[in-house]
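File shown here: entry22.cif, holding mmCIF, C-alpha atoms.
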```cif
data_run
#
loop_
_atom_site.label_atom_id
_atom_site.label_comp_id
_atom_site.auth_asym_id
_atom_site.auth_seq_id
_atom_site.Cartn_x
_atom_site.Cartn_y
_atom_site.Cartn_z
CA MET A 1272 2.27 -19.97 -19.84
CA THR A 1273 3.30 -20.59 -16.21
CA ARG A 1274 0.45 -20.54 -13.71
CA VAL A 1275 1.08 -19.90 -10.02
CA ASP A 1276 -0.94 -20.28 -6.84
CA PHE A 1277 -1.14 -17.18 -4.65
CA SER A 1278 -2.95 -18.90 -1.75
CA ALA A 1279 0.15 -18.95 0.49
CA LEU A 1280 0.44 -15.18 0.13
CA ASP A 1281 -3.28 -14.82 0.82
CA ALA A 1282 -2.88 -16.81 4.03
CA ALA A 1283 -0.02 -14.53 5.10
CA GLY A 1284 -2.28 -11.50 4.68
CA LEU A 1285 -0.61 -10.45 1.41
CA ASN A 1286 -3.96 -10.90 -0.23
CA LEU A 1287 -3.72 -8.48 -3.16
CA GLN A 1288 -1.75 -9.48 -6.24
CA ALA A 1289 -1.60 -8.10 -9.77
CA VAL A 1290 0.59 -9.39 -12.60
CA PHE A 1291 1.74 -7.06 -15.38
CA SER A 1292 3.73 -7.71 -18.52
CA LEU A 1293 6.76 -5.44 -18.45
CA ALA A 1294 6.47 -5.17 -22.23
CA THR A 1295 3.06 -3.47 -21.96
CA LEU A 1296 3.74 -1.20 -18.99
CA PRO A 1297 4.38 2.48 -19.77
CA GLY A 1298 7.90 2.68 -21.17
CA ASP A 1299 9.28 4.94 -18.46
CA VAL A 1300 7.97 2.63 -15.73
CA ALA A 1301 9.48 -0.51 -17.25
CA ALA A 1302 12.79 1.21 -18.02
CA ALA A 1303 13.16 2.52 -14.47
CA LEU A 1304 12.46 -0.83 -12.84
CA ASP A 1305 14.12 -3.19 -15.32
CA PRO A 1306 16.64 -1.14 -17.30
CA GLU A 1307 18.44 -4.19 -18.68
CA GLY A 1308 15.24 -5.93 -19.75
CA ARG A 1309 16.03 -9.10 -17.81
CA HIS A 1310 12.46 -9.89 -16.72
CA ARG A 1311 9.10 -10.51 -18.33
CA ARG A 1312 6.58 -9.88 -15.56
CA LEU A 1313 6.02 -7.50 -12.67
CA ILE A 1314 4.02 -8.72 -9.68
CA LEU A 1315 2.48 -6.06 -7.46
CA ILE A 1316 1.68 -7.44 -4.00
CA GLY A 1317 -0.40 -5.66 -1.40
CA HIS A 1318 -2.57 -6.29 1.60
CA GLY A 1319 -6.12 -5.39 2.44
CA GLY A 1320 -7.66 -5.46 5.91
CA ARG A 1321 -6.26 -6.69 9.21
CA THR A 1322 -4.85 -10.14 8.45
CA LEU A 1323 -1.31 -9.08 7.57
CA TRP A 1324 -0.85 -7.20 10.85
CA GLU A 1325 -2.18 -10.20 12.78
CA ARG A 1326 0.37 -12.44 11.06
CA VAL A 1327 3.18 -9.96 11.71
CA LYS A 1328 2.28 -9.78 15.41
CA ALA A 1329 2.14 -13.57 15.62
CA ALA A 1330 5.64 -13.76 14.11
CA GLY A 1331 6.97 -11.65 17.00
CA LEU A 1332 9.29 -9.56 14.87
CA ALA A 1333 10.92 -6.98 17.14
CA THR A 1334 12.48 -4.87 14.38
CA GLU A 1335 12.11 -1.31 13.17
CA HIS A 1336 10.28 -2.43 10.03
CA PRO A 1337 8.46 -5.66 10.95
CA ILE A 1338 5.97 -5.54 8.07
CA ASP A 1339 8.73 -5.22 5.47
CA GLU A 1340 10.75 -8.01 7.09
CA PHE A 1341 7.71 -10.29 7.22
CA THR A 1342 6.83 -9.49 3.61
CA ARG A 1343 10.32 -10.24 2.30
CA ALA A 1344 10.34 -13.60 4.06
CA ARG A 1345 6.90 -14.67 2.83
CA VAL A 1346 7.61 -13.56 -0.74
CA ALA A 1347 10.90 -15.51 -0.72
CA GLU A 1348 9.07 -18.62 0.48
CA TRP A 1349 6.39 -18.18 -2.17
CA LEU A 1350 8.98 -17.79 -4.92
CA ALA A 1351 10.86 -20.91 -3.83
CA ALA A 1352 7.64 -22.92 -3.88
CA GLN A 1353 6.01 -21.54 -7.01
CA LEU A 1354 8.88 -20.42 -9.27
CA PRO A 1355 11.98 -22.37 -8.20
CA GLY A 1356 15.09 -21.35 -10.09
CA VAL A 1357 13.39 -18.46 -11.89
CA ALA A 1358 15.42 -15.25 -12.09
CA HIS A 1359 13.81 -12.54 -10.02
CA ASP A 1360 14.40 -9.21 -8.34
CA LEU A 1361 12.50 -7.78 -5.36
CA VAL A 1362 12.61 -4.05 -6.07
CA TYR A 1363 10.26 -3.02 -3.26
CA PRO A 1364 10.79 -2.95 -0.32
CA GLY A 1365 14.20 -1.67 -1.31
CA ASP A 1366 16.20 1.30 -2.48
CA THR A 1367 14.79 1.51 -6.02
CA PRO A 1368 12.25 4.34 -6.45
CA VAL A 1369 8.90 2.72 -7.33
CA GLY A 1370 5.70 4.54 -8.32
CA LEU A 1371 3.42 2.39 -6.18
CA GLN A 1372 0.28 4.47 -6.68
CA ALA A 1373 0.79 4.50 -10.45
CA LEU A 1374 0.97 0.70 -10.42
CA GLY A 1375 -2.06 0.65 -8.13
CA ARG A 1376 -4.03 2.70 -10.65
CA LEU A 1377 -3.08 0.27 -13.42
CA ALA A 1378 -4.26 -2.60 -11.21
CA GLY A 1379 -7.53 -0.78 -10.51
CA TRP A 1380 -6.81 -0.72 -6.78
CA HIS A 1381 -6.13 2.99 -6.35
CA HIS A 1382 -8.54 5.92 -6.58
CA GLU A 1383 -7.72 9.35 -5.18
CA SER A 1384 -9.39 10.40 -1.94
CA PRO A 1385 -9.61 13.90 -0.41
CA PHE A 1386 -7.19 12.79 2.33
CA ARG A 1387 -4.68 11.55 -0.28
CA VAL A 1388 -4.71 7.89 0.67
CA GLY A 1389 -5.85 5.52 -2.06
CA VAL A 1390 -9.37 4.17 -1.74
CA ASN A 1391 -11.40 1.50 -3.52
CA ALA A 1392 -14.80 -0.13 -3.20
CA ASP A 1393 -13.47 -3.43 -1.81
CA TRP A 1394 -11.19 -2.21 0.98
CA GLY A 1395 -11.89 1.48 1.42
CA SER A 1396 -8.56 3.06 2.34
CA TRP A 1397 -7.50 0.03 4.38
CA PHE A 1398 -5.02 -1.47 1.97
CA ALA A 1399 -1.36 -0.85 1.14
CA TYR A 1400 1.38 -1.82 -1.29
CA ARG A 1401 3.85 -4.29 0.19
CA ALA A 1402 6.08 -5.67 -2.57
CA VAL A 1403 7.04 -5.20 -6.21
CA LEU A 1404 8.63 -8.28 -7.71
CA LEU A 1405 10.16 -8.75 -11.16
CA VAL A 1406 10.32 -12.30 -12.51
CA ASP A 1407 11.59 -13.85 -15.72
CA ALA A 1408 8.54 -16.02 -16.24
CA ASP A 1409 5.58 -16.00 -18.61
CA LEU A 1410 2.79 -15.61 -16.05
CA PRO A 1411 -0.82 -14.82 -17.03
CA GLU A 1412 -1.53 -11.10 -16.72
CA SER A 1413 -4.19 -9.90 -14.30
CA VAL A 1414 -7.40 -8.20 -15.32
CA PRO A 1415 -7.55 -4.74 -13.71
CA GLN A 1416 -10.12 -4.36 -10.95
CA ALA A 1417 -13.11 -2.51 -12.33
CA GLY A 1418 -15.11 0.24 -10.67
CA ALA A 1419 -15.09 3.97 -10.07
CA SER A 1420 -13.89 5.78 -6.99
CA PRO A 1421 -16.26 5.45 -4.02
CA CYS A 1422 -15.68 9.15 -3.39
CA THR A 1423 -17.78 10.02 -6.44
CA THR A 1424 -20.89 8.62 -4.73
CA CYS A 1425 -20.13 10.06 -1.28
CA PRO A 1426 -21.81 13.48 -1.37
CA SER A 1427 -21.36 14.27 2.32
CA GLN A 1428 -17.62 13.46 2.36
CA PRO A 1429 -17.32 13.27 6.16
CA CYS A 1430 -13.53 13.05 5.85
CA VAL A 1431 -13.45 16.69 4.75
CA THR A 1432 -15.40 18.03 7.73
CA ALA A 1433 -13.71 15.67 10.22
CA CYS A 1434 -10.16 16.80 9.45
CA PRO A 1435 -9.10 18.83 12.54
CA ALA A 1436 -6.44 20.64 10.52
CA SER A 1437 -8.95 21.83 7.89
CA ALA A 1438 -6.43 20.46 5.40
CA LEU A 1439 -9.18 19.32 3.02
CA SER A 1440 -11.55 22.24 3.27
CA ASP A 1441 -10.42 24.10 0.14
CA ARG A 1442 -11.27 21.16 -2.16
CA ASP A 1443 -7.59 20.40 -2.39
CA PHE A 1444 -5.28 18.78 0.11
CA SER A 1445 -3.03 21.20 2.00
CA LEU A 1446 0.12 19.37 3.01
CA GLN A 1447 1.28 22.45 4.90
CA LYS A 1448 -1.82 22.49 7.12
CA CYS A 1449 -1.64 18.73 7.66
CA VAL A 1450 2.02 18.75 8.66
CA ALA A 1451 1.68 21.80 10.91
CA TYR A 1452 -1.23 20.23 12.78
CA ARG A 1453 0.40 16.81 13.15
CA ARG A 1454 3.46 18.40 14.75
CA GLN A 1455 1.40 19.99 17.53
CA GLN A 1456 1.81 18.19 20.86
CA ASP A 1457 -1.95 18.03 21.41
CA SER A 1458 -2.69 16.99 17.83
CA ARG A 1459 -5.38 14.36 17.36
CA CYS A 1460 -3.47 13.17 14.28
CA ARG A 1461 -0.01 12.50 15.69
CA VAL A 1462 -0.42 8.71 15.34
CA THR A 1463 -3.57 8.49 13.24
CA CYS A 1464 -5.51 10.38 10.56
CA VAL A 1465 -8.92 11.53 11.75
CA ALA A 1466 -10.06 12.21 8.19
CA ARG A 1467 -9.16 8.67 7.12
CA THR A 1468 -10.82 7.01 10.08
CA SER A 1469 -13.97 9.05 9.33
CA CYS A 1470 -14.26 7.62 5.81
CA PRO A 1471 -17.46 5.54 5.55
CA VAL A 1472 -16.14 3.16 2.88
CA ARG A 1473 -15.59 -0.39 4.15
CA PRO A 1474 -15.09 0.45 7.85
CA GLU A 1475 -15.16 -3.28 8.65
CA HIS A 1476 -11.62 -3.52 7.22
CA ARG A 1477 -10.19 -0.73 9.35
CA TYR A 1478 -6.77 -1.52 10.80
CA ASP A 1479 -6.61 -1.94 14.56
CA ASP A 1480 -5.28 0.97 16.58
CA ALA A 1481 -1.83 -0.58 16.98
CA GLN A 1482 -1.33 -0.91 13.23
CA ILE A 1483 -2.56 2.63 12.61
CA ALA A 1484 -0.24 3.97 15.29
CA HIS A 1485 2.69 1.99 13.85
CA SER A 1486 2.20 3.46 10.37
CA TYR A 1487 1.56 7.04 11.44
CA SER A 1488 4.36 7.05 14.00
CA ARG A 1489 6.74 6.31 11.13
CA SER A 1490 5.35 9.10 8.99
CA LEU A 1491 5.48 11.51 11.94
CA ALA A 1492 9.14 10.65 12.47
CA MET A 1493 9.84 11.54 8.83
CA ILE A 1494 7.95 14.82 9.25
CA GLU A 1495 9.96 15.73 12.34
CA LYS A 1496 13.19 14.85 10.55
CA PHE A 1497 12.62 16.81 7.36
CA TYR A 1498 10.36 19.67 8.47
#
```
Represent the supplied structure as structure tokens.
Amino acid sequence: MTRVDFSALDAAGLNLQAVFSLATLPGDVAAALDPEGRHRRLILIGHGGRTLWERVKAAGLATEHPIDEFTRARVAEWLAAQLPGVAHDLVYPGDTPVGLQALGRLAGWHHESPFRVGVNADWGSWFAYRAVLLVDADLPESVPQAGASPCTTCPSQPCVTACPASALSDRDFSLQKCVAYRRQQDSRCRVTCVARTSCPVRPEHRYDDAQIAHSYSRSLAMIEKFY
């Protein structure tokens, strides 16, 4: 069994890691990601809180996708230090379709929220998936994070009433209402999500306004392109 140290990723702000055996993942998941069966483990890497954005800003990356570029570089450095010479494949970020939320559920990181962003008791909704790495190494598997969704003990659900598009008011998320409202020039959600920022779970980990604007500007650009 090969043991690795994730502290360098933690220091880079990539402070969430989960290791899965490809042999025990649902068959369709493993087959889609590793069709030739060349690897033994999948490492899901994410970030929680503000540290990653601080590290990205400090790196001064003036690219369209600075977080992805930073993540690729730090993961490559970590691999070279911890698993030199081990066959690997970084499937995300990349062109391979990856069910990130499904992996997040298996890791115990992801619970559904009314505003359709994953939420958990440790980070609220202020976490994200940053890399999916396949390695041909016999790493110890992670124990899934335990705990129920914080939404089950949030009777007032301020996110529902705060949503200016009323996209959550029918007890189900209305993508149509959300998209229509975000496209309005005077929308309060063009570069943020008012429902998400109203969530009372772990507000101390909330991204700063620049990171929120970066993420939601990208999603707005996709909306404008395809809608």
Cut-off 9 Å: closest region 1316-1414 of chain A/region 1440-1449 of chain A atom pairs per residue, using only C-alpha atoms, as CSV:
```
residue,atom,partner,partner_atom,distance
A:Pro1385,CA,A:Phe1444,CA,6.5
A:Phe1386,CA,A:Phe1444,CA,6.7
A:Arg1387,CA,A:Phe1444,CA,7.3
```
### Query
Could you name the residues that touch Glu1495 (chain A) at 10 Å or less, counting only C-alpha atoms, but leaving out those on the same chain fewer than 5 positions away, as a list in words?
Val1450, Arg1453, Arg1454 and Ser1490 of chain A
Give, as lines of an AutoDock Vina configuration file, the centre coordinates and the x, y and z edge lengths in Å to one decimal for an axis-aligned box around all listed atoms of region 1397-1407 of chain A, padded by 5 Å on each side.
```
center_x = 2.0
center_y = -6.9
center_z = -5.7
size_x = 29.1
size_y = 23.9
size_z = 30.1
```
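Neighbourhood of point (-3.8, -16.3, -1.4): residues with an atom at most 12 Å away, counting all atoms listed in the file, are A:Val1275, A:Asp1276, A:Phe1277, A:Ser1278, A:Ala1279, A:Leu1280, A:Asp1281, A:Ala1282, A:Ala1283, A:Gly1284, A:Leu1285, A:Asn1286, A:Leu1287, A:Gln1288, A:Ala1289, A:Ile1316, A:Gly1317, A:His1318, A:Gly1319, A:Thr1322, A:Leu1323, A:Arg1345, A:Val1346, A:Trp1349.
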Could you write out that same residue set with C-alpha atoms as a short mmCIF file (atom, residue, chain, number, x, y, z; two decimals), in the frame of the given file?
```cif
data_model
loop_
_atom_site.label_atom_id
_atom_site.label_comp_id
_atom_site.auth_asym_id
_atom_site.auth_seq_id
_atom_site.Cartn_x
_atom_site.Cartn_y
_atom_site.Cartn_z
CA VAL A 1275 1.08 -19.90 -10.02
CA ASP A 1276 -0.94 -20.28 -6.84
CA PHE A 1277 -1.14 -17.18 -4.65
CA SER A 1278 -2.95 -18.90 -1.75
CA ALA A 1279 0.15 -18.95 0.49
CA LEU A 1280 0.44 -15.18 0.13
CA ASP A 1281 -3.28 -14.82 0.82
CA ALA A 1282 -2.88 -16.81 4.03
CA ALA A 1283 -0.02 -14.53 5.10
CA GLY A 1284 -2.28 -11.50 4.68
CA LEU A 1285 -0.61 -10.45 1.41
CA ASN A 1286 -3.96 -10.90 -0.23
CA LEU A 1287 -3.72 -8.48 -3.16
CA GLN A 1288 -1.75 -9.48 -6.24
CA ALA A 1289 -1.60 -8.10 -9.77
CA ILE A 1316 1.68 -7.44 -4.00
CA GLY A 1317 -0.40 -5.66 -1.40
CA HIS A 1318 -2.57 -6.29 1.60
CA GLY A 1319 -6.12 -5.39 2.44
CA THR A 1322 -4.85 -10.14 8.45
CA LEU A 1323 -1.31 -9.08 7.57
CA ARG A 1345 6.90 -14.67 2.83
CA VAL A 1346 7.61 -13.56 -0.74
CA TRP A 1349 6.39 -18.18 -2.17
#
```
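Residue nearest Leu1313 (chain A), chosen from A:Thr1432, A:Ser1413, A:Gln1455, A:Thr1367 and counting all atoms listed in the file: A:Ser1413.
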Could you give me, as CSV, a per-residue list for region 1419-1465 of chain A showing, wherever an atom lies at most 12 Å from an atom of region 1472-1475 of chain A, the closest pair of atoms and their distance in Å to one decimal, using all atoms listed in the file and sorting by chain then residue number from low to high?
```
residue,atom,partner,partner_atom,distance
A:Ser1420,CA,A:Val1472,CA,10.5
A:Pro1421,CA,A:Val1472,CA,7.3
A:Cys1422,CA,A:Val1472,CA,8.7
A:Thr1423,CA,A:Val1472,CA,11.7
A:Thr1424,CA,A:Val1472,CA,10.5
A:Cys1425,CA,A:Val1472,CA,9.0
A:Gln1428,CA,A:Val1472,CA,10.4
A:Pro1429,CA,A:Val1472,CA,10.7
A:Cys1430,CA,A:Val1472,CA,10.7
```
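The residues returned by the PyMOL selection byres ((chain A and resi 1300-1307) around 10) for this structure are Ser1292, Leu1293, Ala1294, Thr1295, Leu1296, Pro1297, Gly1298, Asp1299, Gly1308, Arg1309, His1310, Arg1311, Arg1312, Leu1313, Asp1360, Val1362, Thr1367, Pro1368, Val1369, Gly1370, Ala1373, Leu1374, Val1403, Leu1404 and Leu1405 of chain A.
For the pair CA of Asp1409 (chain A) and CA of Leu1371 (chain A), the interatomic distance is 22.3 Å.
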### Query
What lies within 10 Å of Pro1415 (chain A) using all atoms listed in the file, ignoring chain neighbours under 2 positions off, as a PyMOL selection string?
chain A and resi 1289-1291+1375-1380+1412-1413+1417-1418
Written selection (C-alpha atoms) as a JSON list (two decimals), in the frame of the given file:
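Produced file selection.json, reproduced below:
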```
[["chain", "number", "residue", "atom", "x", "y", "z"],
["A", 1289, "ALA", "CA", -1.60, -8.10, -9.77],
["A", 1290, "VAL", "CA", 0.59, -9.39, -12.60],
["A", 1291, "PHE", "CA", 1.74, -7.06, -15.38],
["A", 1375, "GLY", "CA", -2.06, 0.65, -8.13],
["A", 1376, "ARG", "CA", -4.03, 2.70, -10.65],
["A", 1377, "LEU", "CA", -3.08, 0.27, -13.42],
["A", 1378, "ALA", "CA", -4.26, -2.60, -11.21],
["A", 1379, "GLY", "CA", -7.53, -0.78, -10.51],
["A", 1380, "TRP", "CA", -6.81, -0.72, -6.78],
["A", 1412, "GLU", "CA", -1.53, -11.10, -16.72],
["A", 1413, "SER", "CA", -4.19, -9.90, -14.30],
["A", 1417, "ALA", "CA", -13.11, -2.51, -12.33],
["A", 1418, "GLY", "CA", -15.11, 0.24, -10.67]]
```
### Task
Would you list the contacts of Cys1460 (chain A) as a count of residues only, taking every protein, DNA or RNA residue within 10 Å and counting only C-alpha atoms, but skipping same-chain residues closer than 2 positions in sequence?
21
### Message
Please report the interatomic distance between CA of His1381 (chain A) and CA of Pro1364 (chain A) in Å with one decimal.
### Response
18.9 Å
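Of note, CA of Thr1273 (chain A) and CA of Tyr1400 (chain A) are spaced 24.1 Å apart.
Considering all atoms listed in the file, the residue among A:Gly1389, A:Pro1411, A:Pro1471, A:Gly1395 positioned nearest to Pro1426 (chain A) is A:Pro1471.
Once the PyMOL selection byres ((chain A and resi 1354) around 10) is applied to the shown structure, the selection contains Thr1273, Arg1274, Val1275, Glu1348, Trp1349, Leu1350, Ala1351, Ala1352, Gln1353, Pro1355, Gly1356, Val1357, Ala1358, His1359, Val1406, Asp1407 and Ala1408 of chain A.
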#### Entry: Residue with smallest distance to Asp1393 (chain A) - pool A:Ala1419, A:Val1414, A:Val1327, A:Ala1481, counting all atoms listed in the file
A:Ala1419
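Using only C-alpha atoms for every distance, the candidate list A:Thr1468, A:Glu1335, A:Tyr1363, A:Leu1439 yields A:Glu1335 as the residue closest to Arg1489 (chain A).
Considering only C-alpha atoms, the residue among A:Arg1461, A:Arg1467, A:Arg1326, A:Ala1392 positioned nearest to Ala1492 (chain A) is A:Arg1461.
Among the candidates A:Ser1437, A:Arg1321, A:Gly1365, A:Met1272, the one nearest to Asp1480 (chain A) when counting all atoms listed in the file is A:Arg1321.
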Keeping all heavy atoms (and nothing else), can you write region 1279-1290 of chain A of this structure as an mmCIF file, in the first residue's frame?
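And here's result19.cif as it stands now:
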```
data_model
loop_
_atom_site.group_PDB
_atom_site.id
_atom_site.type_symbol
_atom_site.label_atom_id
_atom_site.label_comp_id
_atom_site.auth_asym_id
_atom_site.auth_seq_id
_atom_site.Cartn_x
_atom_site.Cartn_y
_atom_site.Cartn_z
ATOM 1 N N ALA A 1279 0.935 19.416 0.471
ATOM 2 C CA ALA A 1279 1.286 20.421 -0.541
ATOM 3 C C ALA A 1279 0.035 20.899 -1.278
ATOM 4 O O ALA A 1279 -0.085 22.087 -1.612
ATOM 5 C CB ALA A 1279 2.300 19.856 -1.529
ATOM 6 N N LEU A 1280 -0.907 19.986 -1.516
ATOM 7 C CA LEU A 1280 -2.166 20.397 -2.126
ATOM 8 C C LEU A 1280 -2.978 21.244 -1.154
ATOM 9 O O LEU A 1280 -3.594 22.242 -1.554
ATOM 10 C CB LEU A 1280 -2.970 19.173 -2.565
ATOM 11 C CG LEU A 1280 -2.390 18.351 -3.720
ATOM 12 C CD1 LEU A 1280 -3.296 17.171 -4.036
ATOM 13 C CD2 LEU A 1280 -2.197 19.216 -4.963
ATOM 14 N N ASP A 1281 -2.980 20.867 0.120
ATOM 15 C CA ASP A 1281 -3.675 21.670 1.125
ATOM 16 C C ASP A 1281 -3.154 23.103 1.124
ATOM 17 O O ASP A 1281 -3.933 24.064 1.156
ATOM 18 C CB ASP A 1281 -3.486 21.067 2.518
ATOM 19 C CG ASP A 1281 -4.217 19.751 2.704
ATOM 20 O OD1 ASP A 1281 -5.199 19.498 1.984
ATOM 21 O OD2 ASP A 1281 -3.793 18.969 3.576
ATOM 22 N N ALA A 1282 -1.832 23.244 1.087
ATOM 23 C CA ALA A 1282 -1.222 24.572 1.131
ATOM 24 C C ALA A 1282 -1.572 25.399 -0.098
ATOM 25 O O ALA A 1282 -1.642 26.629 -0.036
ATOM 26 C CB ALA A 1282 0.295 24.446 1.248
ATOM 27 N N ALA A 1283 -1.831 24.725 -1.217
ATOM 28 C CA ALA A 1283 -2.207 25.414 -2.449
ATOM 29 C C ALA A 1283 -3.685 25.772 -2.476
ATOM 30 O O ALA A 1283 -4.157 26.392 -3.437
ATOM 31 C CB ALA A 1283 -1.866 24.553 -3.658
ATOM 32 N N GLY A 1284 -4.418 25.382 -1.436
ATOM 33 C CA GLY A 1284 -5.852 25.638 -1.399
ATOM 34 C C GLY A 1284 -6.682 24.512 -1.960
ATOM 35 O O GLY A 1284 -7.913 24.564 -1.931
ATOM 36 N N LEU A 1285 -6.031 23.463 -2.471
ATOM 37 C CA LEU A 1285 -6.725 22.276 -2.987
ATOM 38 C C LEU A 1285 -6.884 21.298 -1.827
ATOM 39 O O LEU A 1285 -6.295 20.223 -1.786
ATOM 40 C CB LEU A 1285 -5.925 21.671 -4.153
ATOM 41 C CG LEU A 1285 -5.800 22.598 -5.359
ATOM 42 C CD1 LEU A 1285 -4.714 22.111 -6.312
ATOM 43 C CD2 LEU A 1285 -7.130 22.724 -6.095
ATOM 44 N N ASN A 1286 -7.688 21.721 -0.867
ATOM 45 C CA ASN A 1286 -7.699 21.121 0.461
ATOM 46 C C ASN A 1286 -8.763 20.051 0.675
ATOM 47 O O ASN A 1286 -9.041 19.668 1.801
ATOM 48 C CB ASN A 1286 -7.858 22.227 1.514
ATOM 49 C CG ASN A 1286 -9.026 23.162 1.211
ATOM 50 O OD1 ASN A 1286 -9.723 23.008 0.224
ATOM 51 N ND2 ASN A 1286 -9.215 24.151 2.069
ATOM 52 N N LEU A 1287 -9.356 19.566 -0.407
ATOM 53 C CA LEU A 1287 -10.283 18.441 -0.326
ATOM 54 C C LEU A 1287 -9.761 17.338 -1.233
ATOM 55 O O LEU A 1287 -9.512 17.573 -2.424
ATOM 56 C CB LEU A 1287 -11.691 18.852 -0.765
ATOM 57 C CG LEU A 1287 -12.397 19.923 0.067
ATOM 58 C CD1 LEU A 1287 -13.716 20.312 -0.591
ATOM 59 C CD2 LEU A 1287 -12.645 19.426 1.474
ATOM 60 N N GLN A 1288 -9.603 16.154 -0.669
ATOM 61 C CA GLN A 1288 -9.132 15.019 -1.466
ATOM 62 C C GLN A 1288 -9.877 13.759 -1.034
ATOM 63 O O GLN A 1288 -10.131 13.550 0.151
ATOM 64 C CB GLN A 1288 -7.627 14.771 -1.286
ATOM 65 C CG GLN A 1288 -6.742 15.989 -1.503
ATOM 66 C CD GLN A 1288 -6.391 16.694 -0.201
ATOM 67 O OE1 GLN A 1288 -6.466 16.097 0.876
ATOM 68 N NE2 GLN A 1288 -6.001 17.958 -0.287
ATOM 69 N N ALA A 1289 -10.245 12.953 -2.000
ATOM 70 C CA ALA A 1289 -10.872 11.659 -1.728
ATOM 71 C C ALA A 1289 -10.299 10.645 -2.703
ATOM 72 O O ALA A 1289 -10.184 10.918 -3.900
ATOM 73 C CB ALA A 1289 -12.385 11.739 -1.869
ATOM 74 N N VAL A 1290 -9.928 9.477 -2.185
ATOM 75 C CA VAL A 1290 -9.334 8.422 -3.001
ATOM 76 C C VAL A 1290 -10.316 7.265 -3.108
ATOM 77 O O VAL A 1290 -10.802 6.752 -2.096
ATOM 78 C CB VAL A 1290 -8.004 7.932 -2.389
ATOM 79 C CG1 VAL A 1290 -7.407 6.809 -3.249
ATOM 80 C CG2 VAL A 1290 -7.009 9.080 -2.249
#
```
